[in-house]
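Student: Just so it is clear, I am handing over final-v2.csv, which has CSV, C-alpha atoms and all ligand atoms.
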chain,number,residue,atom,x,y,z
K,281,MET,CA,-27.5,-34.2,102.7
K,282,GLY,CA,-24.3,-36.1,101.9
K,283,GLU,CA,-23.3,-39.5,103.3
K,284,LEU,CA,-22.8,-39.3,107.1
K,285,LEU,CA,-19.3,-40.2,108.3
K,286,ALA,CA,-21.0,-41.5,111.5
K,287,ASP,CA,-22.3,-44.4,109.4
K,288,HIS,CA,-18.7,-45.3,108.5
K,289,THR,CA,-16.7,-44.9,111.7
K,290,THR,CA,-16.7,-47.2,114.8
K,291,LEU,CA,-17.2,-44.2,117.1
K,292,ARG,CA,-20.4,-43.5,115.0
K,293,LEU,CA,-19.6,-39.8,115.0
K,294,GLY,CA,-19.2,-37.3,112.2
K,295,GLY,CA,-21.3,-35.2,109.8
K,296,PRO,CA,-21.8,-35.4,106.1
K,297,ALA,CA,-19.0,-35.7,103.4
K,298,HIS,CA,-19.3,-33.2,100.6
K,299,GLN,CA,-18.7,-36.1,98.2
K,300,PHE,CA,-18.5,-39.8,99.2
K,301,LEU,CA,-17.0,-42.5,96.9
K,302,THR,CA,-16.7,-46.2,97.6
K,303,HIS,CA,-13.8,-47.9,95.8
K,304,THR,CA,-14.6,-51.6,95.2
K,305,ASP,CA,-12.9,-52.6,92.0
K,306,PRO,CA,-9.1,-52.3,91.8
K,307,ALA,CA,-9.3,-51.8,88.0
K,308,ALA,CA,-11.6,-48.8,88.4
K,309,TRP,CA,-9.1,-46.8,90.5
K,310,PRO,CA,-8.4,-44.3,87.7
K,311,ASP,CA,-12.1,-43.4,87.6
K,312,VAL,CA,-12.3,-43.0,91.4
K,313,ALA,CA,-9.2,-40.8,91.4
K,314,ARG,CA,-10.5,-38.7,88.6
K,315,SER,CA,-13.9,-38.2,90.4
K,316,ALA,CA,-12.0,-37.1,93.5
K,317,THR,CA,-9.7,-34.6,92.0
K,318,GLY,CA,-10.6,-31.0,91.3
K,319,GLU,CA,-11.8,-30.4,94.9
K,320,GLY,CA,-9.9,-27.7,96.9
K,321,THR,CA,-9.4,-30.1,99.8
K,322,ALA,CA,-7.4,-33.3,99.5
K,323,PRO,CA,-9.5,-36.4,99.6
K,324,PHE,CA,-9.8,-38.2,102.9
K,325,VAL,CA,-9.4,-42.0,102.6
K,326,LEU,CA,-11.4,-44.1,104.9
K,327,GLY,CA,-10.9,-47.8,105.7
K,328,GLY,CA,-13.0,-49.3,108.5
K,329,GLY,CA,-13.2,-46.0,110.3
K,330,SER,CA,-11.8,-47.6,113.5
K,331,ASN,CA,-9.1,-45.1,114.1
K,332,THR,CA,-11.0,-42.0,112.9
K,333,LEU,CA,-12.6,-39.2,114.8
K,334,ALA,CA,-14.7,-37.4,112.2
K,335,GLU,CA,-15.9,-33.8,112.9
K,336,ASP,CA,-19.6,-33.0,113.6
K,337,ALA,CA,-19.4,-30.7,110.6
K,338,GLY,CA,-18.4,-33.6,108.4
K,339,TYR,CA,-15.7,-33.3,105.7
K,340,PRO,CA,-15.8,-30.4,103.1
K,341,GLY,CA,-14.1,-32.5,100.4
K,342,THR,CA,-14.2,-36.0,99.0
K,343,VAL,CA,-14.1,-39.1,101.2
K,344,ILE,CA,-13.0,-42.3,99.5
K,345,ARG,CA,-13.9,-45.5,101.3
K,346,MET,CA,-11.6,-48.4,100.4
K,347,ALA,CA,-13.7,-51.5,99.9
K,348,THR,CA,-11.6,-53.6,97.6
K,349,ARG,CA,-11.3,-57.2,98.9
K,350,GLY,CA,-9.1,-60.2,98.5
K,351,ALA,CA,-5.6,-61.5,98.9
K,352,THR,CA,-3.4,-63.6,96.6
K,353,VAL,CA,-0.4,-65.8,97.6
K,354,ARG,CA,2.8,-66.0,95.6
K,355,PRO,CA,5.4,-68.6,96.5
K,356,LEU,CA,8.9,-67.1,96.8
K,357,GLY,CA,10.9,-70.3,97.2
K,358,ASP,CA,12.1,-72.1,100.3
K,359,ASP,CA,9.5,-71.5,103.0
K,360,LEU,CA,8.7,-67.9,102.1
K,361,VAL,CA,5.5,-66.6,100.4
K,362,GLU,CA,4.3,-63.1,99.5
K,363,VAL,CA,0.7,-62.3,100.2
K,364,VAL,CA,-0.7,-59.3,98.3
K,365,ALA,CA,-3.9,-57.9,100.0
K,366,GLN,CA,-6.3,-55.3,98.7
K,367,ALA,CA,-6.5,-52.2,100.8
K,368,GLY,CA,-10.2,-52.8,101.8
K,369,GLU,CA,-9.6,-56.4,103.0
K,370,PRO,CA,-10.2,-56.4,106.8
K,371,LEU,CA,-6.9,-57.0,108.6
K,372,SER,CA,-8.6,-59.6,110.9
K,373,ALA,CA,-9.6,-61.6,107.7
K,374,LEU,CA,-6.1,-61.4,106.4
K,375,VAL,CA,-4.7,-62.7,109.7
K,376,ALA,CA,-7.3,-65.5,109.8
K,377,PHE,CA,-6.5,-66.5,106.2
K,378,ALA,CA,-2.7,-66.6,106.9
K,379,VAL,CA,-3.2,-68.7,110.0
K,380,ASP,CA,-5.5,-71.1,108.1
K,381,GLN,CA,-2.9,-71.4,105.4
K,382,ARG,CA,-0.1,-72.0,108.0
K,383,LEU,CA,1.7,-68.8,107.2
K,384,SER,CA,3.4,-67.2,110.1
K,385,GLY,CA,4.3,-63.5,110.6
K,386,ILE,CA,1.0,-61.6,111.3
K,387,GLU,CA,-0.7,-63.9,113.8
K,388,TYR,CA,-0.5,-61.5,116.7
K,389,LEU,CA,-2.4,-58.8,114.8
K,390,GLY,CA,-5.7,-60.8,114.9
K,391,GLY,CA,-8.8,-59.0,116.3
K,392,ILE,CA,-7.7,-55.5,115.4
K,393,PRO,CA,-10.6,-53.8,113.6
K,394,GLY,CA,-10.1,-52.0,110.3
K,395,THR,CA,-8.5,-52.6,106.9
K,396,THR,CA,-5.3,-53.9,105.6
K,397,GLY,CA,-4.7,-50.6,103.7
K,398,ALA,CA,-4.8,-48.6,106.9
K,399,ALA,CA,-2.4,-50.8,108.7
K,400,PRO,CA,0.8,-49.2,107.3
K,401,VAL,CA,-0.6,-45.7,108.1
K,402,GLN,CA,-0.1,-46.1,111.9
K,403,ASN,CA,2.1,-49.2,111.6
K,404,THR,CA,-0.7,-51.0,113.3
K,405,GLY,CA,0.7,-53.4,116.0
K,406,ALA,CA,-0.1,-55.4,119.0
K,407,TYR,CA,1.5,-58.1,121.3
K,408,GLY,CA,5.0,-57.3,120.1
K,409,GLN,CA,4.3,-57.5,116.4
K,410,GLN,CA,3.6,-54.7,113.9
K,411,ILE,CA,2.7,-54.7,110.2
K,412,SER,CA,6.1,-53.3,109.3
K,413,ASP,CA,7.8,-56.5,110.5
K,414,THR,CA,6.6,-58.4,107.5
K,415,LEU,CA,5.5,-55.6,105.0
K,416,THR,CA,7.7,-55.5,102.0
K,417,ARG,CA,5.8,-53.3,99.6
K,418,VAL,CA,2.9,-50.9,99.3
K,419,THR,CA,1.2,-49.9,96.1
K,420,ALA,CA,-0.2,-46.5,96.4
K,421,PHE,CA,-1.7,-43.6,94.4
K,422,ASP,CA,0.5,-40.6,94.9
K,423,TRP,CA,-1.7,-37.5,94.8
K,424,HIS,CA,1.4,-35.3,94.4
K,425,LEU,CA,2.8,-37.1,91.4
K,426,GLU,CA,-0.7,-38.1,90.2
K,427,ARG,CA,0.3,-41.7,89.5
K,428,ILE,CA,0.5,-45.1,91.1
K,429,VAL,CA,3.8,-45.8,92.8
K,430,GLU,CA,5.4,-48.7,94.7
K,431,LEU,CA,7.0,-47.9,98.0
K,432,ARG,CA,9.4,-50.4,99.7
K,433,THR,CA,9.5,-50.7,103.5
K,434,ALA,CA,12.5,-48.5,103.9
K,435,GLU,CA,10.6,-45.7,102.1
K,436,CYS,CA,7.6,-45.9,104.4
K,437,GLY,CA,9.3,-44.2,107.4
K,438,PHE,CA,7.9,-46.7,109.9
K,439,GLY,CA,8.2,-46.1,113.7
K,440,TYR,CA,6.1,-46.7,116.7
K,441,ARG,CA,2.5,-46.2,115.4
K,442,ALA,CA,4.1,-43.9,112.9
K,443,SER,CA,4.8,-43.8,109.1
K,444,ALA,CA,5.3,-41.4,106.2
K,445,PHE,CA,1.6,-42.0,105.4
K,446,LYS,CA,0.7,-40.6,108.8
K,447,SER,CA,3.1,-37.7,108.8
K,448,GLN,CA,2.2,-36.6,105.2
K,449,PRO,CA,-1.6,-37.0,105.4
K,450,GLY,CA,-3.4,-36.9,102.1
K,451,ARG,CA,-0.3,-37.6,100.0
K,452,TRP,CA,-0.8,-41.4,99.3
K,453,THR,CA,-3.8,-43.6,99.0
K,454,ILE,CA,-2.7,-47.2,99.6
K,455,LEU,CA,-4.2,-49.6,97.1
K,456,ASP,CA,-2.7,-52.8,98.2
K,457,ILE,CA,0.1,-54.1,100.5
K,458,THR,CA,2.5,-57.0,100.3
K,459,VAL,CA,3.6,-59.0,103.3
K,460,CYS,CA,6.3,-61.7,103.3
K,461,LEU,CA,5.2,-64.7,105.5
K,462,THR,CA,6.9,-68.0,106.4
K,463,ARG,CA,5.3,-71.4,105.8
K,464,SER,CA,5.3,-72.7,109.4
K,465,SER,CA,2.9,-74.3,111.9
K,466,SER,CA,4.7,-72.4,114.6
K,467,ALA,CA,4.0,-68.8,115.5
K,468,ALA,CA,6.7,-66.0,115.4
K,469,PRO,CA,8.7,-65.8,118.7
K,470,VAL,CA,6.6,-64.5,121.6
K,471,ALA,CA,7.9,-61.0,122.4
K,472,TYR,CA,5.2,-59.8,124.8
K,473,GLN,CA,5.3,-60.9,128.4
K,474,HIS,CA,1.6,-60.8,128.9
K,475,LEU,CA,1.0,-63.1,125.9
K,476,ALA,CA,3.9,-65.4,127.1
K,477,ASP,CA,2.1,-65.7,130.5
K,478,SER,CA,-1.3,-66.5,129.0
K,479,LEU,CA,0.3,-69.2,126.7
K,480,ALA,CA,2.4,-70.5,129.6
K,481,VAL,CA,5.6,-70.2,127.6
K,482,GLY,CA,8.7,-68.1,127.9
K,483,LEU,CA,9.6,-65.1,125.9
K,484,GLY,CA,11.1,-66.2,122.6
K,485,ALA,CA,9.1,-69.4,122.5
K,486,ARG,CA,7.3,-70.3,119.2
K,487,PRO,CA,3.9,-71.8,120.2
K,488,PRO,CA,1.7,-73.5,117.7
K,489,LEU,CA,0.4,-71.0,115.2
K,490,ALA,CA,-3.3,-71.5,115.6
K,491,GLU,CA,-3.0,-71.7,119.4
K,492,ALA,CA,-1.0,-68.4,119.5
K,493,ALA,CA,-3.5,-66.6,117.2
K,494,GLN,CA,-6.5,-67.8,119.3
K,495,ALA,CA,-4.7,-66.8,122.6
K,496,VAL,CA,-4.5,-63.2,121.2
K,497,ILE,CA,-8.2,-63.1,120.3
K,498,THR,CA,-9.2,-64.4,123.7
K,499,ASP,CA,-6.9,-62.1,125.5
K,500,ARG,CA,-8.2,-59.1,123.5
K,501,GLU,CA,-11.8,-60.0,124.5
K,502,GLN,CA,-10.9,-60.4,128.1
K,503,ARG,CA,-9.0,-57.1,128.4
K,504,GLY,CA,-11.5,-54.9,126.5
K,505,LEU,CA,-9.3,-54.7,123.4
K,506,ALA,CA,-12.0,-56.1,121.1
K,507,LEU,CA,-14.8,-54.1,119.5
K,508,PRO,CA,-18.1,-55.3,121.0
K,509,ASP,CA,-21.2,-55.5,118.8
K,510,SER,CA,-23.4,-53.8,121.4
K,511,GLY,CA,-23.3,-52.4,124.9
K,512,PRO,CA,-21.7,-49.4,126.5
K,513,ASP,CA,-18.3,-49.9,124.9
K,514,ALA,CA,-19.6,-50.5,121.3
K,515,ARG,CA,-18.7,-47.0,120.0
K,516,GLN,CA,-15.0,-46.5,120.3
K,517,ALA,CA,-11.7,-46.2,118.4
K,518,GLY,CA,-9.5,-48.3,120.7
K,519,SER,CA,-6.8,-46.5,122.6
K,520,VAL,CA,-7.2,-42.7,122.4
K,521,PHE,CA,-3.6,-41.8,123.1
K,522,LEU,CA,-0.2,-43.0,122.0
K,523,ASN,CA,2.2,-44.1,124.7
K,524,PRO,CA,4.2,-40.8,125.0
K,525,VAL,CA,8.0,-40.4,124.6
K,526,ILE,CA,9.5,-39.3,127.9
K,527,THR,CA,12.9,-38.1,129.2
K,528,PRO,CA,15.2,-40.2,131.3
K,529,VAL,CA,14.3,-38.0,134.3
K,530,GLN,CA,10.6,-38.5,133.8
K,531,ALA,CA,11.2,-42.3,133.3
K,532,ALA,CA,13.0,-42.4,136.7
K,533,ALA,CA,10.1,-40.6,138.4
K,534,ILE,CA,7.6,-43.0,136.9
K,535,ARG,CA,9.7,-46.1,137.8
K,536,CYS,CA,9.9,-44.8,141.4
K,537,ALA,CA,6.1,-44.8,141.5
K,538,ASP,CA,6.2,-48.4,140.2
K,539,GLY,CA,5.0,-47.2,136.8
K,540,PRO,CA,5.8,-49.0,133.5
K,541,VAL,CA,8.4,-47.6,131.1
K,542,HIS,CA,9.5,-49.3,127.9
K,543,ARG,CA,11.9,-48.6,125.0
K,544,ASP,CA,10.3,-48.6,121.6
K,545,GLN,CA,12.2,-50.0,118.5
K,546,SER,CA,13.9,-46.7,117.9
K,547,GLY,CA,15.3,-46.7,121.5
K,548,SER,CA,13.0,-43.9,122.8
K,549,LEU,CA,11.7,-44.3,126.3
K,550,ARG,CA,7.9,-44.4,126.5
K,551,ALA,CA,5.4,-44.3,129.4
K,552,SER,CA,2.1,-46.1,129.5
K,553,ALA,CA,-0.6,-43.5,128.6
K,554,GLY,CA,-3.2,-45.7,130.4
K,555,TRP,CA,-1.1,-45.7,133.6
K,556,LEU,CA,-0.7,-41.9,133.5
K,557,LEU,CA,-4.4,-41.4,133.2
K,558,GLU,CA,-5.1,-43.7,136.1
K,559,ARG,CA,-2.6,-41.8,138.2
K,560,CYS,CA,-4.7,-38.7,137.4
K,561,ASP,CA,-7.7,-40.6,138.9
K,562,TYR,CA,-9.5,-41.6,135.7
K,563,ARG,CA,-11.0,-45.0,135.9
K,564,PRO,CA,-12.7,-47.5,133.6
K,565,GLY,CA,-16.4,-46.6,133.2
K,566,GLY,CA,-15.9,-43.0,134.5
K,567,ARG,CA,-17.8,-40.2,132.8
K,568,ILE,CA,-15.5,-37.6,131.2
K,569,GLY,CA,-18.0,-35.3,129.5
K,570,PRO,CA,-21.5,-35.3,127.8
K,571,GLY,CA,-21.9,-38.8,126.4
K,572,VAL,CA,-18.2,-39.6,126.7
K,573,TYR,CA,-17.0,-42.3,129.1
K,574,CYS,CA,-13.9,-44.4,129.7
K,575,SER,CA,-14.7,-47.9,128.5
K,576,THR,CA,-15.9,-50.2,131.2
K,577,ALA,CA,-12.8,-52.3,130.7
K,578,ARG,CA,-9.9,-49.8,130.3
K,579,THR,CA,-9.2,-46.1,131.0
K,580,LEU,CA,-7.3,-45.6,127.8
K,581,THR,CA,-10.3,-46.3,125.6
K,582,LEU,CA,-13.0,-43.6,125.4
K,583,THR,CA,-16.5,-44.6,124.3
K,584,ALA,CA,-19.3,-42.5,122.9
K,585,ARG,CA,-22.8,-43.0,124.2
K,586,GLU,CA,-26.2,-41.7,123.0
K,587,SER,CA,-25.7,-38.0,123.3
K,588,ALA,CA,-22.0,-37.8,122.4
K,589,THR,CA,-20.8,-35.5,119.7
K,590,ALA,CA,-17.3,-35.3,118.1
K,591,THR,CA,-16.9,-31.9,119.8
K,592,ALA,CA,-17.6,-33.4,123.2
K,593,PHE,CA,-15.2,-36.3,122.4
K,594,THR,CA,-12.5,-33.9,121.4
K,595,SER,CA,-13.0,-31.9,124.6
K,596,ALA,CA,-12.8,-35.1,126.7
K,597,LEU,CA,-9.4,-35.8,125.0
K,598,ARG,CA,-8.2,-32.3,125.8
K,599,GLN,CA,-9.3,-32.7,129.4
K,600,LEU,CA,-7.4,-36.0,129.9
K,601,ALA,CA,-4.3,-34.7,128.1
K,602,ALA,CA,-4.3,-31.4,130.2
K,603,ALA,CA,-4.6,-33.4,133.5
K,604,VAL,CA,-1.6,-35.6,132.5
K,605,PHE,CA,0.4,-32.5,131.4
K,606,GLU,CA,-0.4,-30.7,134.6
K,607,ALA,CA,0.6,-33.6,136.8
K,608,TYR,CA,3.6,-34.9,134.9
K,609,GLY,CA,4.6,-32.3,132.2
K,610,ILE,CA,4.1,-35.1,129.6
K,611,ARG,CA,2.2,-34.3,126.4
K,612,LEU,CA,-0.2,-36.9,125.2
K,613,ARG,CA,-0.9,-37.3,121.4
K,614,PRO,CA,-4.2,-38.6,120.3
K,615,GLU,CA,-4.1,-41.9,118.3
K,616,PRO,CA,-7.4,-41.5,116.3
K,617,VAL,CA,-7.0,-39.4,113.2
K,618,ARG,CA,-9.2,-36.3,112.6
K,619,PRO,CA,-10.1,-35.7,109.0
K,620,GLY,CA,-9.6,-32.0,108.3
K,621,PRO,CA,-6.9,-29.4,107.8
K,622,SER,CA,-3.5,-30.9,108.4
K,623,ARG,CA,-2.4,-30.8,112.0
K,624,GLY,CA,0.9,-32.5,111.3
K,625,SER,CA,2.6,-35.0,113.5
K,626,SER,CA,5.9,-34.6,115.4
K,627,ASP,CA,5.8,-38.1,116.6
K,628,GLY,CA,6.8,-39.6,113.3
K,629,PRO,CA,9.0,-39.1,110.4
K,630,GLY,CA,8.3,-37.2,107.2
K,631,GLY,CA,7.3,-33.7,106.3
K,632,PRO,CA,4.1,-31.7,106.0
K,633,SER,CA,1.3,-32.5,103.7
K,634,HIS,CA,1.6,-31.4,100.1
K,635,ARG,CA,-1.7,-29.6,99.7
K,636,GLY,CA,-3.4,-28.6,102.9
K,637,GLY,CA,-3.6,-32.2,104.1
K,638,ALA,CA,-6.6,-34.5,104.6
K,639,ALA,CA,-6.1,-35.6,108.2
K,640,GLY,CA,-4.0,-35.2,111.2
K,641,THR,CA,-3.3,-35.6,114.9
K,642,ASP,CA,-2.1,-33.0,117.4
K,643,ALA,CA,-0.8,-32.9,120.9
K,644,PHE,CA,-3.7,-32.1,123.2
K,645,ALA,CA,-1.7,-30.3,125.8
K,646,PRO,CA,-1.2,-26.7,126.7
K,647,ALA,CA,1.4,-25.1,124.3
Y,1,LIG,C1,-11.4,-52.1,119.7
Y,1,LIG,C2,-10.2,-51.5,119.0
Y,1,LIG,C3,-9.0,-52.1,119.2
Y,1,LIG,C4,-7.8,-51.6,118.5
Y,1,LIG,N1,-6.6,-52.1,118.7
Y,1,LIG,C5,-5.5,-51.7,118.1
Y,1,LIG,C6,-4.3,-52.3,118.3
Y,1,LIG,O1,-4.1,-53.2,119.1
Y,1,LIG,N2,-3.2,-51.8,117.6
Y,1,LIG,C7,-3.3,-50.7,116.7
Y,1,LIG,O2,-2.3,-50.3,116.1
Y,1,LIG,N3,-4.5,-50.2,116.5
Y,1,LIG,C8,-5.6,-50.6,117.1
Y,1,LIG,N4,-6.8,-50.0,116.9
Y,1,LIG,C9,-6.9,-48.9,116.0
Y,1,LIG,C10,-7.4,-49.3,114.6
Y,1,LIG,O3,-8.2,-50.4,114.6
Y,1,LIG,C11,-6.1,-49.6,113.7
Y,1,LIG,O4,-5.3,-48.4,113.7
Y,1,LIG,C12,-6.5,-49.9,112.3
Y,1,LIG,O5,-5.4,-50.3,111.5
Y,1,LIG,C13,-7.3,-48.8,111.6
Y,1,LIG,O6,-7.9,-49.3,110.4
Y,1,LIG,P1,-9.1,-48.6,109.7
Y,1,LIG,O7,-9.3,-49.2,108.3
Y,1,LIG,O8,-10.3,-48.7,110.5
Y,1,LIG,O9,-8.6,-47.1,109.6
Y,1,LIG,P2,-9.4,-45.8,109.4
Y,1,LIG,O10,-9.9,-45.3,110.7
Y,1,LIG,O11,-10.4,-45.9,108.3
Y,1,LIG,O12,-8.3,-44.8,108.9
Y,1,LIG,C14,-7.2,-44.4,109.8
Y,1,LIG,C15,-6.2,-43.6,109.1
Y,1,LIG,O13,-5.7,-44.3,108.0
Y,1,LIG,C16,-6.0,-43.6,106.7
Y,1,LIG,N5,-6.3,-44.6,105.7
Y,1,LIG,C17,-7.2,-45.6,105.8
Y,1,LIG,N6,-7.1,-46.4,104.7
Y,1,LIG,C18,-6.1,-45.9,103.9
Y,1,LIG,C19,-5.6,-46.2,102.7
Y,1,LIG,N7,-6.0,-47.3,102.0
Y,1,LIG,N8,-4.6,-45.4,102.1
Y,1,LIG,C20,-4.2,-44.4,102.8
Y,1,LIG,N9,-4.6,-44.0,104.0
Y,1,LIG,C21,-5.6,-44.7,104.6
Y,1,LIG,C22,-7.1,-42.7,107.0
Y,1,LIG,O14,-7.1,-41.6,106.1
Y,1,LIG,C23,-6.8,-42.3,108.4
Y,1,LIG,O15,-5.8,-41.3,108.4
Y,1,LIG,C24,-8.0,-50.5,117.6
Y,1,LIG,C25,-9.3,-49.9,117.4
Y,1,LIG,C26,-10.4,-50.4,118.1
Y,1,LIG,C27,-11.7,-49.9,117.8
I'd like the structure from this file rewritten - as structure tokens, please.
Ligand SMILES: Cc1cc2nc3c(=O)[nH]c(=O)nc-3n(C[C@H](O)[C@H](O)[C@H](O)COP(=O)(O)OP(=O)(O)OC[C@H]3O[C@@H](n4cnc5c(N)ncnc54)[C@H](O)[C@@H]3O)c2cc1C

Tutor:
Amino acid sequence: MGELLADHTTLRLGGPAHQFLTHTDPAAWPDVARSATGEGTAPFVLGGGSNTLAEDAGYPGTVIRMATRGATVRPLGDDLVEVVAQAGEPLSALVAFAVDQRLSGIEYLGGIPGTTGAAPVQNTGAYGQQISDTLTRVTAFDWHLERIVELRTAECGFGYRASAFKSQPGRWTILDITVCLTRSSSAAPVAYQHLADSLAVGLGARPPLAEAAQAVITDREQRGLALPDSGPDARQAGSVFLNPVITPVQAAAIRCADGPVHRDQSGSLRASAGWLLERCDYRPGGRIGPGVYCSTARTLTLTARESATATAFTSALRQLAAAVFEAYGIRLRPEPVRPGPSRGSSDGPGGPSHRGGAAGTDAFAPA
């Protein structure tokens, strides 16, 4: 039997890959790419598996796990530096390195599981900061052109938890990313009210870098946003739904019910997916289906327990999305990616995959 995807995803779900390759040496990429080509299905690229819902049947093609490590710093003049990080470097390690070196710009991304190479895919973000704020360049293998390319930020199609990498699944494998950071012992301006409250500062304040980074880690642990090593919440992929785009009429109805509504960077109104689920009577710790529960800390995170399967997990997502659609007419889109035939993504920019696709997300609501 091939390598089980369950052994490489934080949900610990997923059957065998037809072929499983681990990429550890940047110089050996051409060999890895050559070994992965010739299959009918586009390779699926795996980082830390913390945003992946692999199928029980596994993956019929090649899975490439990105395990290249390390980051290098290049001074740019004045107080700016470029940090080039290998795709397999854990994002949390990159953040800790930057804070340790007194480099500001990614300090609010600490404690997010997964790799640096996956961060541009969903434009990973938290506490008012996202990787696209500082990312200047991505080096990627373009499976369409069959060569290594460099993409500048403007070519990455970034949006709220969206990018060209997400909307054209299987087209690019990110080999390294470059972020531009500022030499400073102060953090970037606080843009998230909850963080401002826990640091006892106002929005826009620039608290000491190390203190701000630690406040984020502590807050994540307290609010069930960290990945525990053990216990009922250990098998999870974080939030299971994106905060959905809503119409002004829906926003008015939610505000009337004291619900939170915010504008994303593109100006779209978004509701809180967690709030919508709680209005549909789902609660932390509640059982949704066989082996599938809301995490004990928050409704928006689903956890897998002993008997869970990927099929049961997917059914649970459908059940939650259907309840919200029935109550509010709002479609929820799952955040974790499912390796498999392309399901496209209308929540982000870009077009369809070039060759059948290697992953996708879909709206789990009645058509
Ligand atoms: C406890 C917990 C908390 C979380 N909190 C947050 C949060 O605050 N904010 C947030 O945005 N996310 C959060 N997440 C989700 C997840 O951690 C992030 O999205 C993370 O960036 C995914 O990294 P990964 O390496 O695990 O990705 P994976 O799950 O391995 O992959 C995710 C997607 O990226 C693609 N991919 C991975 N590596 C590459 C590469 N090198 N090139 C091309 N494509 C690639 C995969 O094919 C897949 O489509 C959380 C998850 C957990 C479990």

Student: Per residue of chain K within 6 Å of ligand LIG 1 (chain Y), note the shortest atom pair and the distance in Å to one decimal, counting all atoms listed in the file, and order the rows by chain and increasing residue number, as a tab-separated table.

Tutor:
residue	atom	partner	partner_atom	distance
K:Phe324	CA	Y:LIG1	O14	5.4
K:Val325	CA	Y:LIG1	O14	4.2
K:Leu326	CA	Y:LIG1	O11	4.0
K:Gly327	CA	Y:LIG1	O11	3.3
K:Gly328	CA	Y:LIG1	O8	3.4
K:Gly329	CA	Y:LIG1	O10	3.4
K:Ser330	CA	Y:LIG1	O8	3.5
K:Asn331	CA	Y:LIG1	O10	3.5
K:Thr332	CA	Y:LIG1	O10	4.1
K:Met346	CA	Y:LIG1	N7	5.9
K:Ala367	CA	Y:LIG1	N7	5.1
K:Ile392	CA	Y:LIG1	N1	4.9
K:Pro393	CA	Y:LIG1	O3	4.3
K:Gly394	CA	Y:LIG1	O8	3.3
K:Thr395	CA	Y:LIG1	O7	3.8
K:Gly397	CA	Y:LIG1	N7	3.9
K:Ala398	CA	Y:LIG1	N6	3.9
K:Ala399	CA	Y:LIG1	O5	4.1
K:Val401	CA	Y:LIG1	O13	5.3
K:Gln402	CA	Y:LIG1	O4	6.0
K:Thr404	CA	Y:LIG1	O2	3.3
K:Gly405	CA	Y:LIG1	O2	4.3
K:Ala406	CA	Y:LIG1	O1	4.6
K:Trp452	CA	Y:LIG1	C20	5.7
K:Thr453	CA	Y:LIG1	N8	3.7
K:Ile454	CA	Y:LIG1	N8	3.6
K:Leu455	CA	Y:LIG1	N7	5.7
K:Leu505	CA	Y:LIG1	C3	4.9
K:Ala506	CA	Y:LIG1	C1	4.3
K:Leu507	CA	Y:LIG1	C1	3.9
K:Gln516	CA	Y:LIG1	C27	5.4
K:Ala517	CA	Y:LIG1	C27	3.7
K:Gly518	CA	Y:LIG1	C26	3.5
K:Val617	CA	Y:LIG1	O15	5.3
K:Ala639	CA	Y:LIG1	O15	5.7

Student: Just how far from CA of Leu371 in chain K is CA of Ile411 in chain K, in Å to one decimal?

Tutor: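 These two atoms are separated by 10.0 Å.
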
Student: Can you measure CA of Cys536 in chain K to CA of Ala602 in chain K for me? One decimal in Å is fine.

Tutor: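 Result for CA of Cys536 in chain K versus CA of Ala602 in chain K: 22.5 Å, one decimal.
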
Student: Under the rule that only C-alpha atoms are counted, which of K:Trp309, K:Val361, K:Glu558, K:Gly295 is the nearest residue to Tyr339 in chain K?

Tutor: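 That would be K:Gly295, the residue with the smallest distance to Tyr339 in chain K.
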
Student: Would you compute the distance between CA of Glu606 in chain K and CA of Arg543 in chain K? Give it in Å to one decimal.

Tutor: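 Answer for the CA of Glu606 in chain K to CA of Arg543 in chain K separation: 23.7 Å.
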
Student: Residues at most 12 Å from Thr317 in chain K, counting all atoms listed in the file, excluding those fewer than 3 positions away in the same chain, as number ranges by chain?

Tutor: K: 299, 301, 310-314, 320-324, 341-344, 423-424, 426

Student: Emit the selected residues as a PDB file, in the frame of the given file, including C-alpha atoms.

Tutor:
ATOM      1  CA  GLN K 299     -18.700 -36.100  98.200  1.00  0.00           C
ATOM      2  CA  LEU K 301     -17.000 -42.500  96.900  1.00  0.00           C
ATOM      3  CA  PRO K 310      -8.400 -44.300  87.700  1.00  0.00           C
ATOM      4  CA  ASP K 311     -12.100 -43.400  87.600  1.00  0.00           C
ATOM      5  CA  VAL K 312     -12.300 -43.000  91.400  1.00  0.00           C
ATOM      6  CA  ALA K 313      -9.200 -40.800  91.400  1.00  0.00           C
ATOM      7  CA  ARG K 314     -10.500 -38.700  88.600  1.00  0.00           C
ATOM      8  CA  GLY K 320      -9.900 -27.700  96.900  1.00  0.00           C
ATOM      9  CA  THR K 321      -9.400 -30.100  99.800  1.00  0.00           C
ATOM     10  CA  ALA K 322      -7.400 -33.300  99.500  1.00  0.00           C
ATOM     11  CA  PRO K 323      -9.500 -36.400  99.600  1.00  0.00           C
ATOM     12  CA  PHE K 324      -9.800 -38.200 102.900  1.00  0.00           C
ATOM     13  CA  GLY K 341     -14.100 -32.500 100.400  1.00  0.00           C
ATOM     14  CA  THR K 342     -14.200 -36.000  99.000  1.00  0.00           C
ATOM     15  CA  VAL K 343     -14.100 -39.100 101.200  1.00  0.00           C
ATOM     16  CA  ILE K 344     -13.000 -42.300  99.500  1.00  0.00           C
ATOM     17  CA  TRP K 423      -1.700 -37.500  94.800  1.00  0.00           C
ATOM     18  CA  HIS K 424       1.400 -35.300  94.400  1.00  0.00           C
ATOM     19  CA  GLU K 426      -0.700 -38.100  90.200  1.00  0.00           C
TER      20      GLU K 426
END

Student: Could you check the closest approach to Ala480 in chain K for each of K:Ala492, K:Ala286, K:Arg598, K:Arg382 and tell me which residue wins, using all atoms listed in the file?

Tutor: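 Nearest candidate to Ala480 in chain K out of K:Ala492, K:Ala286, K:Arg598, K:Arg382: K:Ala492.
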